[in-house]
>>> print(open('data-v9.txt').read())   # compact mmCIF, C-alpha atoms
# COMPACT_ATOMS: atom_id res chain seq x y z
CA MET C 820 -169.60 -9.01 -63.02
CA THR C 821 -166.21 -7.34 -62.71
CA ARG C 822 -163.82 -9.29 -60.49
CA ARG C 823 -161.54 -7.08 -58.39
CA ILE C 824 -158.98 -8.95 -56.30
CA LEU C 825 -156.79 -7.57 -53.54
CA ALA C 826 -153.86 -9.92 -52.85
CA ILE C 827 -151.65 -9.87 -49.76
CA ASP C 828 -148.53 -11.81 -48.77
CA THR C 829 -146.60 -11.38 -45.51
CA ALA C 830 -145.75 -15.04 -44.85
CA THR C 831 -141.96 -14.88 -45.26
CA ASP C 832 -139.15 -12.34 -45.10
CA ALA C 833 -140.92 -10.27 -47.75
CA LEU C 834 -144.13 -8.31 -48.10
CA SER C 835 -146.18 -7.80 -51.23
CA VAL C 836 -149.56 -6.37 -52.22
CA ALA C 837 -151.26 -6.50 -55.61
CA VAL C 838 -154.58 -5.51 -57.15
CA GLY C 839 -156.07 -7.21 -60.21
CA VAL C 840 -159.22 -6.51 -62.21
CA ASP C 841 -160.59 -9.37 -64.34
CA GLY C 842 -157.13 -10.94 -64.48
CA GLU C 843 -155.33 -7.71 -65.39
CA LEU C 844 -152.72 -6.50 -62.92
CA ARG C 845 -153.45 -2.93 -61.84
CA PHE C 846 -150.89 -2.51 -59.04
CA SER C 847 -148.10 -4.48 -57.42
CA ALA C 848 -145.44 -3.81 -54.81
CA PHE C 849 -142.84 -6.19 -53.40
CA GLN C 850 -140.42 -5.55 -50.53
CA ARG C 851 -137.81 -7.80 -48.96
CA ARG C 852 -138.43 -7.21 -45.25
CA ARG C 853 -137.36 -9.26 -42.24
CA ARG C 854 -139.63 -7.37 -39.82
CA GLY C 855 -142.11 -4.52 -39.66
CA HIS C 856 -144.77 -6.17 -41.84
CA ALA C 857 -147.63 -5.02 -39.62
CA GLU C 858 -146.62 -1.36 -39.71
CA VAL C 859 -146.25 -1.25 -43.48
CA LEU C 860 -149.09 -3.48 -44.68
CA ILE C 861 -152.22 -1.37 -44.15
CA PRO C 862 -150.73 1.87 -45.58
CA LEU C 863 -149.51 -0.14 -48.57
CA VAL C 864 -152.98 -1.65 -49.11
CA GLN C 865 -154.50 1.84 -49.00
CA HIS C 866 -151.96 3.06 -51.53
CA ALA C 867 -152.58 0.04 -53.77
CA LEU C 868 -156.32 0.70 -53.89
CA SER C 869 -155.82 4.42 -54.48
CA ALA C 870 -153.27 3.83 -57.26
CA SER C 871 -155.65 1.34 -58.88
CA GLY C 872 -158.57 3.75 -58.75
CA ILE C 873 -160.60 1.27 -56.70
CA GLY C 874 -162.49 1.90 -53.49
CA ALA C 875 -162.35 -0.56 -50.61
CA ASP C 876 -166.06 -1.22 -51.08
CA GLU C 877 -165.46 -2.24 -54.71
CA ILE C 878 -163.16 -5.18 -53.94
CA SER C 879 -164.87 -8.49 -54.70
CA GLU C 880 -162.27 -10.90 -53.27
CA ILE C 881 -159.22 -10.91 -51.03
CA GLY C 882 -156.39 -13.35 -51.59
CA VAL C 883 -153.85 -14.11 -48.87
CA THR C 884 -151.03 -16.59 -48.36
CA LEU C 885 -151.56 -19.13 -45.56
CA GLY C 886 -148.02 -20.33 -44.93
CA PRO C 887 -145.86 -22.16 -44.27
CA GLY C 888 -143.57 -19.30 -43.42
CA THR C 889 -142.83 -17.23 -40.34
CA PHE C 890 -145.37 -17.65 -37.58
CA THR C 891 -145.81 -13.90 -37.08
CA GLY C 892 -145.87 -13.09 -40.79
CA VAL C 893 -148.63 -15.61 -41.52
CA ARG C 894 -150.73 -14.21 -38.67
CA ILE C 895 -150.31 -10.63 -39.87
CA GLY C 896 -151.52 -11.35 -43.39
CA LEU C 897 -154.48 -13.44 -42.26
CA ALA C 898 -155.51 -10.90 -39.64
CA ALA C 899 -155.51 -8.12 -42.24
CA ALA C 900 -157.52 -10.20 -44.71
CA ARG C 901 -160.05 -11.23 -42.09
CA GLY C 902 -160.38 -7.65 -40.89
CA PHE C 903 -161.09 -6.55 -44.44
CA ARG C 904 -163.71 -9.30 -44.70
CA VAL C 905 -165.45 -8.15 -41.52
CA ALA C 906 -165.50 -4.56 -42.79
CA THR C 907 -166.66 -5.29 -46.34
CA GLY C 908 -168.24 -8.76 -46.33
CA VAL C 909 -166.16 -9.99 -49.28
CA PRO C 910 -164.77 -13.55 -49.30
CA VAL C 911 -161.17 -14.37 -48.42
CA THR C 912 -159.33 -17.02 -50.46
CA GLY C 913 -156.20 -18.56 -49.01
CA VAL C 914 -153.32 -20.12 -50.97
CA GLY C 915 -150.33 -21.95 -49.53
CA THR C 916 -146.95 -20.31 -50.05
CA LEU C 917 -145.52 -23.49 -51.58
CA GLU C 918 -148.42 -23.78 -54.00
CA LEU C 919 -147.87 -20.17 -55.05
CA LEU C 920 -144.16 -20.76 -55.68
CA ALA C 921 -144.97 -23.89 -57.69
CA PHE C 922 -147.49 -21.94 -59.75
CA ARG C 923 -144.79 -19.45 -60.76
CA ALA C 924 -142.28 -22.16 -61.64
CA GLY C 925 -144.93 -24.18 -63.46
CA ARG C 926 -145.61 -21.38 -65.89
CA ARG C 927 -141.96 -21.49 -66.92
CA TRP C 928 -141.61 -25.30 -66.81
CA PRO C 929 -145.13 -26.55 -67.63
CA ASP C 930 -144.23 -30.19 -68.32
CA ARG C 931 -141.98 -30.95 -65.38
CA PRO C 932 -142.67 -31.76 -61.72
CA VAL C 933 -141.90 -28.97 -59.27
CA MET C 934 -140.77 -29.09 -55.66
CA ALA C 935 -141.35 -25.80 -53.90
CA ALA C 936 -139.33 -25.32 -50.72
CA LEU C 937 -138.67 -22.59 -48.19
CA ASP C 938 -135.62 -22.48 -45.92
CA ALA C 939 -136.91 -23.43 -42.45
CA ARG C 940 -133.44 -23.03 -40.85
CA ARG C 941 -131.39 -25.69 -39.06
CA ASN C 942 -130.84 -27.35 -42.46
CA GLN C 943 -134.57 -28.04 -42.69
CA VAL C 944 -137.04 -26.96 -45.36
CA TYR C 945 -140.77 -26.59 -45.76
CA ALA C 946 -141.37 -28.55 -48.95
CA GLN C 947 -144.15 -29.81 -51.20
CA TYR C 948 -144.12 -31.67 -54.51
CA PHE C 949 -146.37 -30.63 -57.42
CA ARG C 950 -147.16 -31.69 -60.95
CA ARG C 951 -149.33 -30.18 -63.65
CA GLY C 952 -152.93 -31.38 -63.33
CA GLY C 953 -155.91 -31.22 -65.60
CA GLY C 954 -156.99 -27.77 -64.38
CA ALA C 955 -155.14 -24.66 -63.31
CA TRP C 956 -151.58 -25.36 -62.24
CA PRO C 957 -150.52 -26.86 -59.84
CA GLU C 958 -151.70 -30.25 -58.58
CA ALA C 959 -150.19 -31.42 -55.30
CA TRP C 960 -148.20 -34.65 -55.30
CA SER C 961 -147.61 -34.48 -51.56
CA PHE C 962 -148.69 -32.59 -48.47
CA PRO C 963 -146.59 -29.64 -47.27
CA ALA C 964 -144.18 -30.76 -44.56
CA ALA C 965 -141.16 -29.67 -42.56
CA MET C 966 -138.22 -32.00 -43.10
CA PRO C 967 -134.42 -32.14 -43.39
CA ALA C 968 -133.15 -31.00 -46.80
CA ALA C 969 -131.67 -34.46 -47.38
CA GLU C 970 -135.07 -36.10 -46.86
CA ALA C 971 -136.63 -33.73 -49.40
CA ALA C 972 -133.83 -34.56 -51.85
CA SER C 973 -134.53 -38.28 -51.46
CA GLN C 974 -138.08 -37.78 -52.77
CA LEU C 975 -137.03 -36.19 -56.06
CA VAL C 976 -137.24 -37.77 -59.48
CA PRO C 977 -134.82 -36.70 -62.25
CA GLY C 978 -135.94 -33.63 -64.10
CA THR C 979 -137.62 -31.99 -61.12
CA VAL C 980 -137.61 -28.20 -60.96
CA LEU C 981 -136.74 -26.73 -57.55
CA THR C 982 -137.95 -23.30 -56.52
CA GLY C 983 -137.94 -21.21 -53.37
CA SER C 984 -135.37 -20.23 -50.76
CA GLY C 985 -134.97 -23.88 -49.73
CA ALA C 986 -134.06 -25.03 -53.24
CA PRO C 987 -130.27 -24.60 -52.89
CA LEU C 988 -130.28 -26.67 -49.68
CA ILE C 989 -132.06 -29.54 -51.41
CA ALA C 990 -129.93 -29.34 -54.55
CA THR C 991 -126.73 -29.80 -52.55
CA ALA C 992 -128.09 -32.73 -50.53
CA GLU C 993 -127.20 -35.44 -53.06
CA ALA C 994 -130.28 -34.74 -55.14
CA PRO C 995 -130.68 -36.36 -58.59
CA GLU C 996 -130.45 -34.28 -61.75
CA VAL C 997 -132.65 -31.26 -61.08
CA SER C 998 -133.01 -27.64 -62.19
CA ILE C 999 -133.24 -24.68 -59.83
CA CYS C 1000 -135.81 -22.31 -61.22
CA ASP C 1001 -135.20 -19.62 -58.61
CA GLY C 1002 -133.41 -20.24 -55.35
CA GLU C 1003 -134.19 -16.73 -54.13
CA ALA C 1004 -137.93 -16.90 -54.85
CA ARG C 1005 -140.33 -15.62 -52.23
CA PRO C 1006 -144.13 -15.70 -52.47
CA ASP C 1007 -145.45 -12.70 -54.41
CA ALA C 1008 -148.95 -11.23 -54.42
CA THR C 1009 -148.61 -10.68 -58.19
CA ASP C 1010 -148.62 -14.47 -58.70
CA LEU C 1011 -151.55 -14.72 -56.30
CA ILE C 1012 -153.59 -12.47 -58.61
CA ALA C 1013 -152.76 -14.70 -61.59
CA LEU C 1014 -153.54 -17.92 -59.73
CA LEU C 1015 -156.87 -16.76 -58.30
CA SER C 1016 -157.94 -15.26 -61.62
CA ALA C 1017 -157.61 -18.72 -63.19
CA ARG C 1018 -160.00 -20.22 -60.64
CA PRO C 1019 -163.74 -19.75 -60.06
CA GLN C 1020 -164.69 -16.78 -57.89
CA PRO C 1021 -165.70 -17.85 -54.37
CA THR C 1022 -169.13 -17.11 -52.97
CA ARG C 1023 -169.54 -14.43 -50.32
CA ASN C 1024 -170.36 -17.03 -47.67
CA ALA C 1025 -167.25 -19.14 -48.35
CA PRO C 1026 -165.56 -20.18 -45.08
CA ALA C 1027 -162.54 -18.22 -43.93
CA PRO C 1028 -159.23 -20.01 -44.59
CA ASN C 1029 -156.95 -21.32 -41.85
CA PRO C 1030 -153.17 -20.87 -41.58
CA ILE C 1031 -150.70 -23.60 -42.49
CA TYR C 1032 -148.30 -24.08 -39.59
CA LEU C 1033 -145.90 -26.99 -39.99
CA ARG C 1034 -144.14 -26.63 -36.66
CA ALA C 1035 -144.43 -24.65 -33.45
CA PRO C 1036 -143.13 -21.07 -33.38
CA ASP C 1037 -139.48 -20.61 -32.41
CA ALA C 1038 -140.45 -18.13 -29.70
CA THR C 1039 -142.41 -19.57 -26.77
CA PRO C 1040 -144.00 -17.74 -23.84
CA ALA C 1041 -141.89 -17.43 -20.73
CA ARG C 1042 -142.74 -19.75 -17.86
CA PRO C 1043 -144.57 -17.98 -15.02
CA LEU C 1044 -142.61 -17.12 -11.89
CA LEU C 1045 -143.30 -19.24 -8.83
CA ASP C 1046 -145.07 -17.58 -5.95
CA LEU C 1047 -142.63 -17.96 -3.10
>>> encode(input="data-v9.txt", output="structure tokens")
Amino acid sequence: MTRRILAIDTATDALSVAVGVDGELRFSAFQRRRRGHAEVLIPLVQHALSASGIGADEISEIGVTLGPGTFTGVRIGLAAARGFRVATGVPVTGVGTLELLAFRAGRRWPDRPVMAALDARRNQVYAQYFRRGGGAWPEAWSFPAAMPAAEAASQLVPGTVLTGSGAPLIATAEAPEVSICDGEARPDATDLIALLSARPQPTRNAPAPNPIYLRAPDATPARPLLDL
């Protein structure tokens, strides 16, 4: 059976959409974007399917990033994927943003441990350690967590590859000898196609994925006014 994957990422200050058929990339688009993900995403998905010559009812799987990232961005991507699932009945597969970054770095540095990290502001990072496992890259060495850059640096072993927007922060925090694969890396739906294509296809009744939030959103609801 032909496997047609629609991949979506809106979890950080970027937006990307990709379509793959049996592991072959048919369409990809990547935009650096601090806001406006919701307005752009659905038209871009429609264009991706049209450019790929695939109807919405022909998609067999939807891939989406789960975070960590921006609270609003993660919600936008998941809401779009879940809406597509309700409309078409196809399964949704979620992948963490840090796992996706490690997958990209691991293809370039297959024999070295990778720490994927995103800048979480206030000199903190969202970080997770990976190594190559027996199956498809990567295998987690740790759970994703929010931490000071110096704490992430203290976990590193020599030879580690750093990737993601948090990599420069960790590298300057008295880290041991490391290599920065890409300090500007953002999650990309193109890598999501490659990662999912290397894994078994989920069943149609697979449970919907949940977001990965590592801390509360920066914006909080205003306190109600007192009735005086």
>>> residues_around(input="data-v9.txt", residues="Thr912 in chain C", least_positions_apart="5", cutoff="9 Å", atoms="all atoms listed in the file", output="PyMOL selection string")
chain C and resi 880-884+1015+1021+1025-1028
>>> closest_atom_pairs(input="data-v9.txt", of="range 920-948 of chain C", to="range 829-841 of chain C", cutoff="12 Å", atoms="only C-alpha atoms", output="Markdown table")
| residue | atom | partner | partner_atom | distance |
| --- | --- | --- | --- | --- |
| C:Leu937 | CA | C:Thr831 | CA | 8.9 |
| C:Asp938 | CA | C:Thr831 | CA | 9.9 |
| C:Ala939 | CA | C:Thr831 | CA | 10.3 |
| C:Tyr945 | CA | C:Thr831 | CA | 11.8 |
>>> closest_residue(input="data-v9.txt", among="C:Val893, C:Leu885, C:Ile1012, C:Ile827", to="Leu860 in chain C", atoms="all atoms listed in the file")
C:Ile827
>>> closest_residue(input="data-v9.txt", among="C:Pro977, C:Leu897, C:Gln865, C:Arg845", to="Val914 in chain C", atoms="all atoms listed in the file")
C:Leu897
>>> atom_distance(input="data-v9.txt", atom1="CA of Arg901 in chain C", atom2="CA of Asp876 in chain C")
14.7 Å
>>> atom_distance(input="data-v9.txt", atom1="CA of Pro987 in chain C", atom2="CA of Arg931 in chain C")
18.3 Å
>>> atom_distance(input="data-v9.txt", atom1="CA of Glu918 in chain C", atom2="CA of Glu958 in chain C")
8.6 Å
>>> closest_residue(input="data-v9.txt", among="C:Leu863, C:Ala959, C:Ala870, C:Ala924", to="Phe846 in chain C", atoms="only C-alpha atoms")
C:Ala870
>>> closest_residue(input="data-v9.txt", among="C:Phe903, C:Phe949, C:Phe890, C:Phe962", to="Pro929 in chain C", atoms="only C-alpha atoms")
C:Phe949
>>> closest_residue(input="data-v9.txt", among="C:Leu981, C:Ala826, C:Ile895, C:Val911", to="Gly855 in chain C", atoms="all atoms listed in the file")
C:Ile895
>>> axis_aligned_box(input="data-v9.txt", around="range 1015-1031 of chain C", padding_each_side="8 Å", output="AutoDock Vina command-line options")
--center_x -160.5 --center_y -19.0 --center_z -52.4 --size_x 35.7 --size_y 25.2 --size_z 37.6
>>> residues_around(input="data-v9.txt", residues="Gln974 in chain C", least_positions_apart="2", cutoff="12 Å", atoms="only C-alpha atoms", output="number ranges by chain")
C: 932-934, 946-949, 960-961, 966-972, 976-977, 979, 989-990, 992-995, 997
>>> closest_residue(input="data-v9.txt", among="C:Ala921, C:Ala1013, C:Val859, C:Ala964", to="Tyr1032 in chain C", atoms="only C-alpha atoms")
C:Ala964
>>> residues_around(input="data-v9.txt", residues="Glu1003 in chain C", least_positions_apart="5", cutoff="8 Å", atoms="only C-alpha atoms", output="list in words")
Thr982, Gly983 and Ser984 of chain C
>>> decode(input="data-v9.txt", residues="range 841-967 of chain C", atoms="C-alpha atoms", output="PDB file, in the first residue's frame")
ATOM      1  CA  ASP C 841       6.834   6.027   0.142  1.00  0.00           C
ATOM      2  CA  GLY C 842       9.813   7.906   1.557  1.00  0.00           C
ATOM      3  CA  GLU C 843      10.228  10.199  -1.449  1.00  0.00           C
ATOM      4  CA  LEU C 844       9.845  13.920  -0.787  1.00  0.00           C
ATOM      5  CA  ARG C 845       7.202  15.422  -3.074  1.00  0.00           C
ATOM      6  CA  PHE C 846       6.905  18.914  -1.582  1.00  0.00           C
ATOM      7  CA  SER C 847       8.490  20.987   1.157  1.00  0.00           C
ATOM      8  CA  ALA C 848       8.269  24.581   2.337  1.00  0.00           C
ATOM      9  CA  PHE C 849      10.043  26.232   5.267  1.00  0.00           C
ATOM     10  CA  GLN C 850       9.514  29.755   6.609  1.00  0.00           C
ATOM     11  CA  ARG C 851      11.130  31.546   9.527  1.00  0.00           C
ATOM     12  CA  ARG C 852       8.115  33.149  11.202  1.00  0.00           C
ATOM     13  CA  ARG C 853       7.724  34.574  14.701  1.00  0.00           C
ATOM     14  CA  ARG C 854       3.929  34.855  14.451  1.00  0.00           C
ATOM     15  CA  GLY C 855       1.039  34.275  12.082  1.00  0.00           C
ATOM     16  CA  HIS C 856       1.395  30.476  11.939  1.00  0.00           C
ATOM     17  CA  ALA C 857      -2.362  29.896  12.121  1.00  0.00           C
ATOM     18  CA  GLU C 858      -3.159  32.177   9.201  1.00  0.00           C
ATOM     19  CA  VAL C 859      -0.552  30.642   6.912  1.00  0.00           C
ATOM     20  CA  LEU C 860      -0.705  26.944   7.798  1.00  0.00           C
ATOM     21  CA  ILE C 861      -3.950  25.744   6.193  1.00  0.00           C
ATOM     22  CA  PRO C 862      -3.405  27.544   2.848  1.00  0.00           C
ATOM     23  CA  LEU C 863       0.132  26.139   2.786  1.00  0.00           C
ATOM     24  CA  VAL C 864      -1.153  22.599   3.439  1.00  0.00           C
ATOM     25  CA  GLN C 865      -3.649  22.995   0.598  1.00  0.00           C
ATOM     26  CA  HIS C 866      -0.885  24.194  -1.708  1.00  0.00           C
ATOM     27  CA  ALA C 867       1.386  21.324  -0.640  1.00  0.00           C
ATOM     28  CA  LEU C 868      -1.232  18.718  -1.501  1.00  0.00           C
ATOM     29  CA  SER C 869      -2.068  20.392  -4.810  1.00  0.00           C
ATOM     30  CA  ALA C 870       1.606  20.702  -5.792  1.00  0.00           C
ATOM     31  CA  SER C 871       2.126  17.040  -4.911  1.00  0.00           C
ATOM     32  CA  GLY C 872      -0.849  15.923  -6.979  1.00  0.00           C
ATOM     33  CA  ILE C 873      -2.449  14.326  -3.918  1.00  0.00           C
ATOM     34  CA  GLY C 874      -5.994  14.749  -2.661  1.00  0.00           C
ATOM     35  CA  ALA C 875      -6.724  15.224   1.031  1.00  0.00           C
ATOM     36  CA  ASP C 876      -8.559  11.895   1.023  1.00  0.00           C
ATOM     37  CA  GLU C 877      -5.428  10.128  -0.252  1.00  0.00           C
ATOM     38  CA  ILE C 878      -3.213  11.001   2.726  1.00  0.00           C
ATOM     39  CA  SER C 879      -2.471   7.908   4.821  1.00  0.00           C
ATOM     40  CA  GLU C 880      -0.702   9.552   7.785  1.00  0.00           C
ATOM     41  CA  ILE C 881      -0.154  12.965   9.327  1.00  0.00           C
ATOM     42  CA  GLY C 882       3.055  13.792  11.151  1.00  0.00           C
ATOM     43  CA  VAL C 883       3.274  16.734  13.549  1.00  0.00           C
ATOM     44  CA  THR C 884       5.799  18.072  16.035  1.00  0.00           C
ATOM     45  CA  LEU C 885       4.719  17.964  19.691  1.00  0.00           C
ATOM     46  CA  GLY C 886       7.110  20.441  21.276  1.00  0.00           C
ATOM     47  CA  PRO C 887       8.838  21.622  23.285  1.00  0.00           C
ATOM     48  CA  GLY C 888       8.602  25.002  21.653  1.00  0.00           C
ATOM     49  CA  THR C 889       6.265  27.960  21.853  1.00  0.00           C
ATOM     50  CA  PHE C 890       3.017  27.215  23.646  1.00  0.00           C
ATOM     51  CA  THR C 891       0.867  28.738  20.889  1.00  0.00           C
ATOM     52  CA  GLY C 892       2.861  27.200  18.046  1.00  0.00           C
ATOM     53  CA  VAL C 893       2.580  23.676  19.446  1.00  0.00           C
ATOM     54  CA  ARG C 894      -1.178  24.085  19.862  1.00  0.00           C
ATOM     55  CA  ILE C 895      -1.620  25.340  16.298  1.00  0.00           C
ATOM     56  CA  GLY C 896       0.148  22.382  14.722  1.00  0.00           C
ATOM     57  CA  LEU C 897      -1.632  19.803  16.864  1.00  0.00           C
ATOM     58  CA  ALA C 898      -5.031  21.407  16.294  1.00  0.00           C
ATOM     59  CA  ALA C 899      -4.517  21.312  12.523  1.00  0.00           C
ATOM     60  CA  ALA C 900      -3.378  17.678  12.599  1.00  0.00           C
ATOM     61  CA  ARG C 901      -6.273  16.607  14.803  1.00  0.00           C
ATOM     62  CA  GLY C 902      -8.736  18.480  12.602  1.00  0.00           C
ATOM     63  CA  PHE C 903      -7.378  16.662   9.570  1.00  0.00           C
ATOM     64  CA  ARG C 904      -7.773  13.375  11.447  1.00  0.00           C
ATOM     65  CA  VAL C 905     -11.411  14.113  12.281  1.00  0.00           C
ATOM     66  CA  ALA C 906     -12.114  14.989   8.646  1.00  0.00           C
ATOM     67  CA  THR C 907     -10.294  12.047   7.051  1.00  0.00           C
ATOM     68  CA  GLY C 908      -9.897   9.366   9.736  1.00  0.00           C
ATOM     69  CA  VAL C 909      -6.150   8.969   9.138  1.00  0.00           C
ATOM     70  CA  PRO C 910      -3.769   8.484  12.085  1.00  0.00           C
ATOM     71  CA  VAL C 911      -1.649  11.298  13.511  1.00  0.00           C
ATOM     72  CA  THR C 912       1.937  10.556  14.563  1.00  0.00           C
ATOM     73  CA  GLY C 913       3.679  12.989  16.882  1.00  0.00           C
ATOM     74  CA  VAL C 914       7.438  13.535  17.176  1.00  0.00           C
ATOM     75  CA  GLY C 915       9.214  15.728  19.703  1.00  0.00           C
ATOM     76  CA  THR C 916      11.064  18.733  18.318  1.00  0.00           C
ATOM     77  CA  LEU C 917      14.284  17.702  20.072  1.00  0.00           C
ATOM     78  CA  GLU C 918      14.077  14.189  18.674  1.00  0.00           C
ATOM     79  CA  LEU C 919      13.608  15.627  15.189  1.00  0.00           C
ATOM     80  CA  LEU C 920      16.659  17.879  15.545  1.00  0.00           C
ATOM     81  CA  ALA C 921      18.714  14.942  16.819  1.00  0.00           C
ATOM     82  CA  PHE C 922      17.594  12.844  13.864  1.00  0.00           C
ATOM     83  CA  ARG C 923      18.955  15.461  11.451  1.00  0.00           C
ATOM     84  CA  ALA C 924      22.269  15.770  13.290  1.00  0.00           C
ATOM     85  CA  GLY C 925      22.546  11.999  13.654  1.00  0.00           C
ATOM     86  CA  ARG C 926      22.499  11.479   9.915  1.00  0.00           C
ATOM     87  CA  ARG C 927      25.575  13.696   9.654  1.00  0.00           C
ATOM     88  CA  TRP C 928      27.299  12.390  12.809  1.00  0.00           C
ATOM     89  CA  PRO C 929      26.058   8.775  13.089  1.00  0.00           C
ATOM     90  CA  ASP C 930      28.587   7.564  15.664  1.00  0.00           C
ATOM     91  CA  ARG C 931      28.481  10.403  18.172  1.00  0.00           C
ATOM     92  CA  PRO C 932      26.030  11.336  20.939  1.00  0.00           C
ATOM     93  CA  VAL C 933      23.812  14.321  20.195  1.00  0.00           C
ATOM     94  CA  MET C 934      22.288  16.903  22.495  1.00  0.00           C
ATOM     95  CA  ALA C 935      19.429  18.738  20.842  1.00  0.00           C
ATOM     96  CA  ALA C 936      18.506  22.036  22.475  1.00  0.00           C
ATOM     97  CA  LEU C 937      16.188  24.951  21.822  1.00  0.00           C
ATOM     98  CA  ASP C 938      16.668  28.427  23.278  1.00  0.00           C
ATOM     99  CA  ALA C 939      14.009  28.764  26.007  1.00  0.00           C
ATOM    100  CA  ARG C 940      15.072  32.346  26.864  1.00  0.00           C
ATOM    101  CA  ARG C 941      16.358  33.650  30.209  1.00  0.00           C
ATOM    102  CA  ASN C 942      19.572  31.677  29.578  1.00  0.00           C
ATOM    103  CA  GLN C 943      17.583  28.441  29.730  1.00  0.00           C
ATOM    104  CA  VAL C 944      17.239  25.716  27.123  1.00  0.00           C
ATOM    105  CA  TYR C 945      14.923  22.851  26.324  1.00  0.00           C
ATOM    106  CA  ALA C 946      17.385  19.983  25.979  1.00  0.00           C
ATOM    107  CA  GLN C 947      17.541  16.229  25.473  1.00  0.00           C
ATOM    108  CA  TYR C 948      20.442  13.823  25.012  1.00  0.00           C
ATOM    109  CA  PHE C 949      20.417  11.133  22.311  1.00  0.00           C
ATOM    110  CA  ARG C 950      22.596   8.334  21.021  1.00  0.00           C
ATOM    111  CA  ARG C 951      22.295   6.008  18.062  1.00  0.00           C
ATOM    112  CA  GLY C 952      20.244   2.933  18.967  1.00  0.00           C
ATOM    113  CA  GLY C 953      19.694  -0.386  17.288  1.00  0.00           C
ATOM    114  CA  GLY C 954      16.795   0.875  15.156  1.00  0.00           C
ATOM    115  CA  ALA C 955      16.025   4.130  13.420  1.00  0.00           C
ATOM    116  CA  TRP C 956      17.941   7.056  14.858  1.00  0.00           C
ATOM    117  CA  PRO C 957      17.707   8.404  17.558  1.00  0.00           C
ATOM    118  CA  GLU C 958      17.540   6.683  20.949  1.00  0.00           C
ATOM    119  CA  ALA C 959      16.902   8.944  23.924  1.00  0.00           C
ATOM    120  CA  TRP C 960      19.536   9.072  26.667  1.00  0.00           C
ATOM    121  CA  SER C 961      17.454  11.431  28.776  1.00  0.00           C
ATOM    122  CA  PHE C 962      14.001  12.950  29.002  1.00  0.00           C
ATOM    123  CA  PRO C 963      13.371  16.396  27.482  1.00  0.00           C
ATOM    124  CA  ALA C 964      13.670  19.075  30.150  1.00  0.00           C
ATOM    125  CA  ALA C 965      13.895  22.817  30.659  1.00  0.00           C
ATOM    126  CA  MET C 966      17.117  23.784  32.425  1.00  0.00           C
ATOM    127  CA  PRO C 967      19.826  26.462  32.629  1.00  0.00           C
TER     128      PRO C 967
END
